[in-house]
Amino acid sequence: MAVNDNVKLGKNVKIFHPHLVNLYGCLIGDETKIGSFVEIQKNVIVGTRCKVSSHSFICEGVILEDEVFVGHGVMFTNDLYPRATNADSSLKTEDDWSVIQTLVKRRASIGSNATILAGVTIGINAIIGAGAVVTHDVPDYTTVVGVPARVIGHVPNTDELINSGLLSSVS
């Protein structure tokens, strides 16, 4: 495993045990932390101040906006109908399929061992429960759990917490 020369690292990126990760052709934003045994493929964008926990796989086509948390063992996919071969039994190559993009918006949190199917958008500040299988878009400020993942609650945004008196504003 390795951090290839074609990886663009922002300032103060922390990669725990670089010899135990596989990063290639991706962009990692400032102050992001990457755990051991993580693979991040080409054309992935990881925003600033993200945390990607150990044993996670982020495949081509995934964009993590700023301050996203990815728990241990999270798996992303980028193909809804994967096959090893074409109809004529020839092995598939990169030319035989198209990457399906997945977007994880700012401050979303993905619990350990969740699986995120290709083409979904996970909303701002959303929470994905551990072990969930996300098959559809997740709205902003919601919590989803289960297989398949379903909405079980609302995640208040900072303004709602300040207005309710549960969080004081910072001056």
# chains A, B, ... in the order shown; residues from 1 in each chain; ligands from 1
>>> residues_around(residues="Ala149 in chain A", least_positions_apart="3", cutoff="9 Å", atoms="only C-alpha atoms", output="list in words")
Ile128, Gly129, Ala132, Val133, Val134, Thr135, His136, Val138, Val144, Val145 and Gly146 of chain A
>>> closest_atom_pairs(of="range 123-162 of chain A", to="range 54-69 of chain A", cutoff="10 Å", atoms="only C-alpha atoms", output="tab-separated table")
residue	atom	partner	partner_atom	distance
A:Ile124	CA	A:Glu65	CA	9.2
A:Asn125	CA	A:Val68	CA	8.5
A:Ala126	CA	A:Val68	CA	9.8
A:Ile127	CA	A:Phe69	CA	9.4
>>> atom_distance(atom1="CA of Leu9 in chain A", atom2="CA of Glu31 in chain A")
9.5 Å
>>> select_by_dssp(residues="range 3-160 of chain A", states="strand (DSSP E or B)", output="PDB file with N, CA, C and O atoms, in the first residue's frame")
ATOM      1  N   VAL A   3       0.938   5.922  -0.605  1.00  0.00           N
ATOM      2  CA  VAL A   3       0.392   7.206  -1.012  1.00  0.00           C
ATOM      3  C   VAL A   3       1.149   7.579  -2.279  1.00  0.00           C
ATOM      4  O   VAL A   3       2.328   7.923  -2.227  1.00  0.00           O
ATOM      5  N   LYS A   8      -2.983  14.709  -4.262  1.00  0.00           N
ATOM      6  CA  LYS A   8      -2.831  16.105  -3.862  1.00  0.00           C
ATOM      7  C   LYS A   8      -3.289  16.230  -2.416  1.00  0.00           C
ATOM      8  O   LYS A   8      -4.471  16.053  -2.116  1.00  0.00           O
ATOM      9  N   LEU A   9      -2.323  16.496  -1.540  1.00  0.00           N
ATOM     10  CA  LEU A   9      -2.603  16.615  -0.107  1.00  0.00           C
ATOM     11  C   LEU A   9      -2.633  18.079   0.297  1.00  0.00           C
ATOM     12  O   LEU A   9      -1.724  18.842  -0.031  1.00  0.00           O
ATOM     13  N   LYS A  14      -3.246  14.445   8.099  1.00  0.00           N
ATOM     14  CA  LYS A  14      -2.656  13.402   8.944  1.00  0.00           C
ATOM     15  C   LYS A  14      -3.072  12.051   8.383  1.00  0.00           C
ATOM     16  O   LYS A  14      -4.260  11.730   8.331  1.00  0.00           O
ATOM     17  N   ILE A  15      -2.083  11.267   7.949  1.00  0.00           N
ATOM     18  CA  ILE A  15      -2.324   9.914   7.471  1.00  0.00           C
ATOM     19  C   ILE A  15      -1.673   8.969   8.469  1.00  0.00           C
ATOM     20  O   ILE A  15      -0.455   8.933   8.594  1.00  0.00           O
ATOM     21  N   ASN A  22      -3.839   3.106   0.883  1.00  0.00           N
ATOM     22  CA  ASN A  22      -3.674   3.109  -0.563  1.00  0.00           C
ATOM     23  C   ASN A  22      -4.430   4.312  -1.105  1.00  0.00           C
ATOM     24  O   ASN A  22      -5.658   4.297  -1.194  1.00  0.00           O
ATOM     25  N   LEU A  23      -3.702   5.366  -1.422  1.00  0.00           N
ATOM     26  CA  LEU A  23      -4.274   6.589  -1.969  1.00  0.00           C
ATOM     27  C   LEU A  23      -3.654   6.826  -3.334  1.00  0.00           C
ATOM     28  O   LEU A  23      -2.430   6.806  -3.465  1.00  0.00           O
ATOM     29  N   LEU A  27      -7.732  13.889  -4.208  1.00  0.00           N
ATOM     30  CA  LEU A  27      -7.441  15.168  -3.576  1.00  0.00           C
ATOM     31  C   LEU A  27      -7.934  15.107  -2.138  1.00  0.00           C
ATOM     32  O   LEU A  27      -9.102  14.785  -1.908  1.00  0.00           O
ATOM     33  N   ILE A  28      -7.054  15.385  -1.198  1.00  0.00           N
ATOM     34  CA  ILE A  28      -7.383  15.351   0.225  1.00  0.00           C
ATOM     35  C   ILE A  28      -7.226  16.761   0.779  1.00  0.00           C
ATOM     36  O   ILE A  28      -6.154  17.351   0.697  1.00  0.00           O
ATOM     37  N   LYS A  33      -7.969  13.798   8.380  1.00  0.00           N
ATOM     38  CA  LYS A  33      -7.297  12.653   8.992  1.00  0.00           C
ATOM     39  C   LYS A  33      -7.739  11.381   8.285  1.00  0.00           C
ATOM     40  O   LYS A  33      -8.937  11.153   8.102  1.00  0.00           O
ATOM     41  N   ILE A  34      -6.763  10.546   7.918  1.00  0.00           N
ATOM     42  CA  ILE A  34      -7.016   9.282   7.224  1.00  0.00           C
ATOM     43  C   ILE A  34      -6.465   8.151   8.083  1.00  0.00           C
ATOM     44  O   ILE A  34      -5.278   8.130   8.410  1.00  0.00           O
ATOM     45  N   GLU A  39      -8.509   2.794   1.596  1.00  0.00           N
ATOM     46  CA  GLU A  39      -8.206   2.998   0.174  1.00  0.00           C
ATOM     47  C   GLU A  39      -9.081   4.124  -0.341  1.00  0.00           C
ATOM     48  O   GLU A  39     -10.297   4.122  -0.141  1.00  0.00           O
ATOM     49  N   ILE A  40      -8.437   5.091  -1.002  1.00  0.00           N
ATOM     50  CA  ILE A  40      -9.142   6.187  -1.669  1.00  0.00           C
ATOM     51  C   ILE A  40      -8.652   6.213  -3.107  1.00  0.00           C
ATOM     52  O   ILE A  40      -7.461   6.409  -3.362  1.00  0.00           O
ATOM     53  N   ILE A  45     -12.636  13.294  -4.244  1.00  0.00           N
ATOM     54  CA  ILE A  45     -12.336  14.554  -3.562  1.00  0.00           C
ATOM     55  C   ILE A  45     -12.783  14.411  -2.112  1.00  0.00           C
ATOM     56  O   ILE A  45     -13.941  14.084  -1.847  1.00  0.00           O
ATOM     57  N   VAL A  46     -11.853  14.639  -1.196  1.00  0.00           N
ATOM     58  CA  VAL A  46     -12.145  14.643   0.233  1.00  0.00           C
ATOM     59  C   VAL A  46     -11.914  16.070   0.710  1.00  0.00           C
ATOM     60  O   VAL A  46     -10.827  16.620   0.531  1.00  0.00           O
ATOM     61  N   LYS A  51     -12.715  13.272   8.518  1.00  0.00           N
ATOM     62  CA  LYS A  51     -12.071  12.145   9.184  1.00  0.00           C
ATOM     63  C   LYS A  51     -12.554  10.875   8.497  1.00  0.00           C
ATOM     64  O   LYS A  51     -13.757  10.620   8.439  1.00  0.00           O
ATOM     65  N   VAL A  52     -11.598  10.105   7.979  1.00  0.00           N
ATOM     66  CA  VAL A  52     -11.896   8.819   7.352  1.00  0.00           C
ATOM     67  C   VAL A  52     -11.261   7.754   8.236  1.00  0.00           C
ATOM     68  O   VAL A  52     -10.039   7.651   8.325  1.00  0.00           O
ATOM     69  N   PHE A  57     -13.352   2.216   2.401  1.00  0.00           N
ATOM     70  CA  PHE A  57     -13.066   2.197   0.964  1.00  0.00           C
ATOM     71  C   PHE A  57     -13.879   3.292   0.296  1.00  0.00           C
ATOM     72  O   PHE A  57     -15.113   3.277   0.355  1.00  0.00           O
ATOM     73  N   ILE A  58     -13.172   4.241  -0.318  1.00  0.00           N
ATOM     74  CA  ILE A  58     -13.829   5.340  -1.025  1.00  0.00           C
ATOM     75  C   ILE A  58     -13.420   5.244  -2.494  1.00  0.00           C
ATOM     76  O   ILE A  58     -12.273   5.517  -2.850  1.00  0.00           O
ATOM     77  N   VAL A  62     -16.666   9.468  -5.786  1.00  0.00           N
ATOM     78  CA  VAL A  62     -17.180   9.962  -4.507  1.00  0.00           C
ATOM     79  C   VAL A  62     -16.605  11.340  -4.210  1.00  0.00           C
ATOM     80  O   VAL A  62     -15.407  11.577  -4.390  1.00  0.00           O
ATOM     81  N   ILE A  63     -17.473  12.223  -3.745  1.00  0.00           N
ATOM     82  CA  ILE A  63     -17.057  13.543  -3.265  1.00  0.00           C
ATOM     83  C   ILE A  63     -17.524  13.681  -1.830  1.00  0.00           C
ATOM     84  O   ILE A  63     -18.719  13.534  -1.550  1.00  0.00           O
ATOM     85  N   LEU A  64     -16.584  13.941  -0.936  1.00  0.00           N
ATOM     86  CA  LEU A  64     -16.899  14.253   0.459  1.00  0.00           C
ATOM     87  C   LEU A  64     -16.672  15.742   0.638  1.00  0.00           C
ATOM     88  O   LEU A  64     -15.543  16.219   0.463  1.00  0.00           O
ATOM     89  N   PHE A  69     -17.548  12.969   8.432  1.00  0.00           N
ATOM     90  CA  PHE A  69     -17.008  11.873   9.222  1.00  0.00           C
ATOM     91  C   PHE A  69     -17.385  10.557   8.549  1.00  0.00           C
ATOM     92  O   PHE A  69     -18.556  10.318   8.253  1.00  0.00           O
ATOM     93  N   VAL A  70     -16.376   9.709   8.324  1.00  0.00           N
ATOM     94  CA  VAL A  70     -16.585   8.375   7.761  1.00  0.00           C
ATOM     95  C   VAL A  70     -16.089   7.382   8.807  1.00  0.00           C
ATOM     96  O   VAL A  70     -14.904   7.348   9.122  1.00  0.00           O
ATOM     97  N   MET A  75     -18.088   1.395   3.228  1.00  0.00           N
ATOM     98  CA  MET A  75     -17.853   1.014   1.833  1.00  0.00           C
ATOM     99  C   MET A  75     -18.736   1.844   0.907  1.00  0.00           C
ATOM    100  O   MET A  75     -19.949   1.920   1.101  1.00  0.00           O
ATOM    101  N   PHE A  76     -18.107   2.456  -0.082  1.00  0.00           N
ATOM    102  CA  PHE A  76     -18.829   3.161  -1.141  1.00  0.00           C
ATOM    103  C   PHE A  76     -18.793   2.305  -2.396  1.00  0.00           C
ATOM    104  O   PHE A  76     -17.841   1.542  -2.601  1.00  0.00           O
ATOM    105  N   THR A  85     -17.462  -9.469 -16.658  1.00  0.00           N
ATOM    106  CA  THR A  85     -17.295  -9.640 -18.108  1.00  0.00           C
ATOM    107  C   THR A  85     -18.423  -8.959 -18.860  1.00  0.00           C
ATOM    108  O   THR A  85     -19.500  -8.676 -18.331  1.00  0.00           O
ATOM    109  N   LEU A  91     -13.337  -9.862 -20.599  1.00  0.00           N
ATOM    110  CA  LEU A  91     -13.202  -9.134 -19.341  1.00  0.00           C
ATOM    111  C   LEU A  91     -13.518  -7.661 -19.537  1.00  0.00           C
ATOM    112  O   LEU A  91     -13.098  -7.047 -20.519  1.00  0.00           O
ATOM    113  N   THR A 102     -21.289   9.904  -6.351  1.00  0.00           N
ATOM    114  CA  THR A 102     -21.935   9.946  -5.041  1.00  0.00           C
ATOM    115  C   THR A 102     -21.437  11.185  -4.320  1.00  0.00           C
ATOM    116  O   THR A 102     -20.239  11.467  -4.332  1.00  0.00           O
ATOM    117  N   LEU A 103     -22.357  11.913  -3.685  1.00  0.00           N
ATOM    118  CA  LEU A 103     -22.010  13.153  -2.998  1.00  0.00           C
ATOM    119  C   LEU A 103     -22.400  13.055  -1.528  1.00  0.00           C
ATOM    120  O   LEU A 103     -23.542  12.725  -1.201  1.00  0.00           O
ATOM    121  N   VAL A 104     -21.438  13.363  -0.652  1.00  0.00           N
ATOM    122  CA  VAL A 104     -21.696  13.447   0.782  1.00  0.00           C
ATOM    123  C   VAL A 104     -21.478  14.904   1.170  1.00  0.00           C
ATOM    124  O   VAL A 104     -20.366  15.415   1.093  1.00  0.00           O
ATOM    125  N   SER A 109     -22.304  12.536   8.725  1.00  0.00           N
ATOM    126  CA  SER A 109     -21.601  11.539   9.521  1.00  0.00           C
ATOM    127  C   SER A 109     -22.093  10.156   9.118  1.00  0.00           C
ATOM    128  O   SER A 109     -23.298   9.895   9.145  1.00  0.00           O
ATOM    129  N   ILE A 110     -21.151   9.279   8.754  1.00  0.00           N
ATOM    130  CA  ILE A 110     -21.493   7.937   8.289  1.00  0.00           C
ATOM    131  C   ILE A 110     -20.950   6.933   9.296  1.00  0.00           C
ATOM    132  O   ILE A 110     -19.740   6.844   9.515  1.00  0.00           O
ATOM    133  N   THR A 115     -22.847   0.901   4.128  1.00  0.00           N
ATOM    134  CA  THR A 115     -22.579   0.754   2.700  1.00  0.00           C
ATOM    135  C   THR A 115     -23.380   1.823   1.975  1.00  0.00           C
ATOM    136  O   THR A 115     -24.590   1.965   2.208  1.00  0.00           O
ATOM    137  N   ILE A 116     -22.699   2.564   1.100  1.00  0.00           N
ATOM    138  CA  ILE A 116     -23.333   3.656   0.374  1.00  0.00           C
ATOM    139  C   ILE A 116     -23.364   3.278  -1.106  1.00  0.00           C
ATOM    140  O   ILE A 116     -22.309   3.165  -1.742  1.00  0.00           O
ATOM    141  N   THR A 121     -27.051  11.031  -2.818  1.00  0.00           N
ATOM    142  CA  THR A 121     -26.562  12.238  -2.167  1.00  0.00           C
ATOM    143  C   THR A 121     -26.955  12.148  -0.707  1.00  0.00           C
ATOM    144  O   THR A 121     -28.119  11.887  -0.392  1.00  0.00           O
ATOM    145  N   ILE A 122     -25.971  12.327   0.162  1.00  0.00           N
ATOM    146  CA  ILE A 122     -26.212  12.363   1.606  1.00  0.00           C
ATOM    147  C   ILE A 122     -26.177  13.824   2.005  1.00  0.00           C
ATOM    148  O   ILE A 122     -25.207  14.531   1.756  1.00  0.00           O
ATOM    149  N   ILE A 127     -27.014  12.031   9.409  1.00  0.00           N
ATOM    150  CA  ILE A 127     -26.343  10.965  10.140  1.00  0.00           C
ATOM    151  C   ILE A 127     -26.805   9.630   9.570  1.00  0.00           C
ATOM    152  O   ILE A 127     -28.013   9.364   9.486  1.00  0.00           O
ATOM    153  N   ILE A 128     -25.828   8.803   9.190  1.00  0.00           N
ATOM    154  CA  ILE A 128     -26.088   7.457   8.694  1.00  0.00           C
ATOM    155  C   ILE A 128     -25.723   6.496   9.818  1.00  0.00           C
ATOM    156  O   ILE A 128     -24.579   6.476  10.274  1.00  0.00           O
ATOM    157  N   VAL A 133     -27.517   0.451   4.974  1.00  0.00           N
ATOM    158  CA  VAL A 133     -27.274   0.351   3.539  1.00  0.00           C
ATOM    159  C   VAL A 133     -28.077   1.466   2.891  1.00  0.00           C
ATOM    160  O   VAL A 133     -29.315   1.426   2.857  1.00  0.00           O
ATOM    161  N   VAL A 134     -27.369   2.480   2.391  1.00  0.00           N
ATOM    162  CA  VAL A 134     -28.017   3.666   1.831  1.00  0.00           C
ATOM    163  C   VAL A 134     -28.256   3.436   0.346  1.00  0.00           C
ATOM    164  O   VAL A 134     -27.311   3.341  -0.434  1.00  0.00           O
ATOM    165  N   VAL A 138     -30.399  10.925   1.012  1.00  0.00           N
ATOM    166  CA  VAL A 138     -30.707  11.211   2.408  1.00  0.00           C
ATOM    167  C   VAL A 138     -30.864  12.723   2.532  1.00  0.00           C
ATOM    168  O   VAL A 138     -29.936  13.466   2.228  1.00  0.00           O
ATOM    169  N   THR A 142     -31.172  14.841   8.557  1.00  0.00           N
ATOM    170  CA  THR A 142     -31.953  13.664   8.948  1.00  0.00           C
ATOM    171  C   THR A 142     -31.029  12.548   9.402  1.00  0.00           C
ATOM    172  O   THR A 142     -29.852  12.512   9.050  1.00  0.00           O
ATOM    173  N   THR A 143     -31.580  11.639  10.173  1.00  0.00           N
ATOM    174  CA  THR A 143     -30.891  10.424  10.595  1.00  0.00           C
ATOM    175  C   THR A 143     -31.554   9.254   9.896  1.00  0.00           C
ATOM    176  O   THR A 143     -32.789   9.151   9.897  1.00  0.00           O
ATOM    177  N   VAL A 144     -30.725   8.373   9.303  1.00  0.00           N
ATOM    178  CA  VAL A 144     -31.244   7.159   8.676  1.00  0.00           C
ATOM    179  C   VAL A 144     -30.545   5.950   9.270  1.00  0.00           C
ATOM    180  O   VAL A 144     -29.384   6.010   9.654  1.00  0.00           O
ATOM    181  N   VAL A 145     -31.289   4.833   9.358  1.00  0.00           N
ATOM    182  CA  VAL A 145     -30.741   3.576   9.858  1.00  0.00           C
ATOM    183  C   VAL A 145     -31.372   2.432   9.084  1.00  0.00           C
ATOM    184  O   VAL A 145     -32.413   2.591   8.451  1.00  0.00           O
ATOM    185  N   ARG A 150     -33.636   3.990   6.270  1.00  0.00           N
ATOM    186  CA  ARG A 150     -34.864   4.762   6.269  1.00  0.00           C
ATOM    187  C   ARG A 150     -34.743   5.870   7.315  1.00  0.00           C
ATOM    188  O   ARG A 150     -34.043   5.735   8.318  1.00  0.00           O
ATOM    189  N   VAL A 151     -35.444   6.955   7.079  1.00  0.00           N
ATOM    190  CA  VAL A 151     -35.389   8.116   7.976  1.00  0.00           C
ATOM    191  C   VAL A 151     -36.065   7.771   9.299  1.00  0.00           C
ATOM    192  O   VAL A 151     -37.180   7.253   9.320  1.00  0.00           O
ATOM    193  N   ILE A 152     -35.352   8.076  10.397  1.00  0.00           N
ATOM    194  CA  ILE A 152     -35.939   7.866  11.729  1.00  0.00           C
ATOM    195  C   ILE A 152     -35.961   9.140  12.559  1.00  0.00           C
ATOM    196  O   ILE A 152     -36.535   9.151  13.647  1.00  0.00           O
ATOM    197  N   GLY A 153     -35.311  10.201  12.073  1.00  0.00           N
ATOM    198  CA  GLY A 153     -35.295  11.406  12.891  1.00  0.00           C
ATOM    199  C   GLY A 153     -34.703  12.603  12.192  1.00  0.00           C
ATOM    200  O   GLY A 153     -34.213  12.526  11.071  1.00  0.00           O
ATOM    201  N   HIS A 154     -34.768  13.703  12.916  1.00  0.00           N
ATOM    202  CA  HIS A 154     -34.295  15.002  12.451  1.00  0.00           C
ATOM    203  C   HIS A 154     -33.045  15.378  13.246  1.00  0.00           C
ATOM    204  O   HIS A 154     -33.006  15.186  14.463  1.00  0.00           O
TER     205      HIS A 154
END
>>> atom_distance(atom1="CA of Lys105 in chain A", atom2="CA of Gly35 in chain A")
20.4 Å
>>> residues_around(residues="Asn6 in chain A", least_positions_apart="4", cutoff="8 Å", atoms="only C-alpha atoms", output="JSON, numbers by chain")
{"A": [24, 25, 26]}
>>> write_last_selection(atoms="N, CA, C and O atoms", output="mmCIF file, in the first residue's frame")
data_model
loop_
_atom_site.group_PDB
_atom_site.id
_atom_site.type_symbol
_atom_site.label_atom_id
_atom_site.label_comp_id
_atom_site.auth_asym_id
_atom_site.auth_seq_id
_atom_site.Cartn_x
_atom_site.Cartn_y
_atom_site.Cartn_z
ATOM 1 N N TYR A 24 -4.491 7.043 -4.345
ATOM 2 C CA TYR A 24 -3.951 7.363 -5.663
ATOM 3 C C TYR A 24 -4.913 8.235 -6.451
ATOM 4 O O TYR A 24 -6.122 8.027 -6.435
ATOM 5 N N GLY A 25 -4.365 9.279 -7.073
ATOM 6 C CA GLY A 25 -5.126 10.146 -7.958
ATOM 7 C C GLY A 25 -6.256 10.898 -7.295
ATOM 8 O O GLY A 25 -7.200 11.325 -7.957
ATOM 9 N N CYS A 26 -6.186 11.105 -5.982
ATOM 10 C CA CYS A 26 -7.270 11.776 -5.257
ATOM 11 C C CYS A 26 -6.785 13.110 -4.702
ATOM 12 O O CYS A 26 -5.599 13.413 -4.715
#
>>> atom_distance(atom1="CA of Gly10 in chain A", atom2="CA of Lys42 in chain A")
16.0 Å
>>> residues_around(residues="Ser36 in chain A", least_positions_apart="2", cutoff="6 Å", atoms="only C-alpha atoms", output="ChimeraX atom specification")
/A:16-17,20-21,38,54
>>> write_last_selection(atoms="all heavy atoms", output="PDB file, in the first residue's frame")
ATOM      1  N   PHE A  16      -2.505   8.234   9.186  1.00  0.00           N
ATOM      2  CA  PHE A  16      -2.003   7.306  10.182  1.00  0.00           C
ATOM      3  C   PHE A  16      -1.436   6.085   9.462  1.00  0.00           C
ATOM      4  O   PHE A  16      -2.131   5.463   8.664  1.00  0.00           O
ATOM      5  CB  PHE A  16      -3.112   6.908  11.161  1.00  0.00           C
ATOM      6  CG  PHE A  16      -3.599   8.072  11.964  1.00  0.00           C
ATOM      7  CD1 PHE A  16      -4.657   8.848  11.516  1.00  0.00           C
ATOM      8  CD2 PHE A  16      -2.979   8.421  13.155  1.00  0.00           C
ATOM      9  CE1 PHE A  16      -5.099   9.945  12.249  1.00  0.00           C
ATOM     10  CE2 PHE A  16      -3.413   9.511  13.897  1.00  0.00           C
ATOM     11  CZ  PHE A  16      -4.475  10.275  13.432  1.00  0.00           C
ATOM     12  N   HIS A  17      -0.199   5.791   9.715  1.00  0.00           N
ATOM     13  CA  HIS A  17       0.481   4.643   9.100  1.00  0.00           C
ATOM     14  C   HIS A  17       0.383   4.684   7.565  1.00  0.00           C
ATOM     15  O   HIS A  17      -0.295   3.851   6.966  1.00  0.00           O
ATOM     16  CB  HIS A  17      -0.076   3.325   9.652  1.00  0.00           C
ATOM     17  CG  HIS A  17      -0.024   3.255  11.137  1.00  0.00           C
ATOM     18  ND1 HIS A  17      -1.136   3.469  11.924  1.00  0.00           N
ATOM     19  CD2 HIS A  17       1.002   3.031  11.991  1.00  0.00           C
ATOM     20  CE1 HIS A  17      -0.795   3.372  13.195  1.00  0.00           C
ATOM     21  NE2 HIS A  17       0.499   3.106  13.263  1.00  0.00           N
ATOM     22  N   LEU A  20       0.202   1.739   5.360  1.00  0.00           N
ATOM     23  CA  LEU A  20      -0.963   0.869   5.459  1.00  0.00           C
ATOM     24  C   LEU A  20      -2.215   1.473   4.813  1.00  0.00           C
ATOM     25  O   LEU A  20      -3.331   1.070   5.111  1.00  0.00           O
ATOM     26  CB  LEU A  20      -1.264   0.544   6.926  1.00  0.00           C
ATOM     27  CG  LEU A  20      -0.178  -0.213   7.676  1.00  0.00           C
ATOM     28  CD1 LEU A  20      -0.549  -0.370   9.151  1.00  0.00           C
ATOM     29  CD2 LEU A  20       0.068  -1.573   7.039  1.00  0.00           C
ATOM     30  N   VAL A  21      -2.020   2.458   3.942  1.00  0.00           N
ATOM     31  CA  VAL A  21      -3.130   3.042   3.186  1.00  0.00           C
ATOM     32  C   VAL A  21      -2.809   2.962   1.704  1.00  0.00           C
ATOM     33  O   VAL A  21      -1.664   2.763   1.314  1.00  0.00           O
ATOM     34  CB  VAL A  21      -3.424   4.507   3.582  1.00  0.00           C
ATOM     35  CG1 VAL A  21      -3.771   4.638   5.046  1.00  0.00           C
ATOM     36  CG2 VAL A  21      -2.268   5.415   3.228  1.00  0.00           C
ATOM     37  N   VAL A  38      -7.052   2.233   4.769  1.00  0.00           N
ATOM     38  CA  VAL A  38      -8.032   2.967   3.969  1.00  0.00           C
ATOM     39  C   VAL A  38      -7.569   2.967   2.530  1.00  0.00           C
ATOM     40  O   VAL A  38      -6.374   3.111   2.256  1.00  0.00           O
ATOM     41  CB  VAL A  38      -8.178   4.426   4.481  1.00  0.00           C
ATOM     42  CG1 VAL A  38      -8.931   5.302   3.493  1.00  0.00           C
ATOM     43  CG2 VAL A  38      -8.854   4.436   5.844  1.00  0.00           C
ATOM     44  N   SER A  54     -10.399   3.911   9.912  1.00  0.00           N
ATOM     45  CA  SER A  54      -9.709   2.734   9.372  1.00  0.00           C
ATOM     46  C   SER A  54     -10.646   1.781   8.624  1.00  0.00           C
ATOM     47  O   SER A  54     -11.841   1.733   8.889  1.00  0.00           O
ATOM     48  CB  SER A  54      -9.004   1.976  10.500  1.00  0.00           C
ATOM     49  OG  SER A  54      -9.957   1.387  11.359  1.00  0.00           O
TER      50      SER A  54
END
>>> closest_residue(among="A:Ser98, A:Arg83, A:Arg107, A:Thr77", to="Val120 in chain A", atoms="only C-alpha atoms")
A:Thr77
>>> closest_residue(among="A:Val13, A:Ala114, A:Val155, A:Val147", to="Gly73 in chain A", atoms="only C-alpha atoms")
A:Ala114
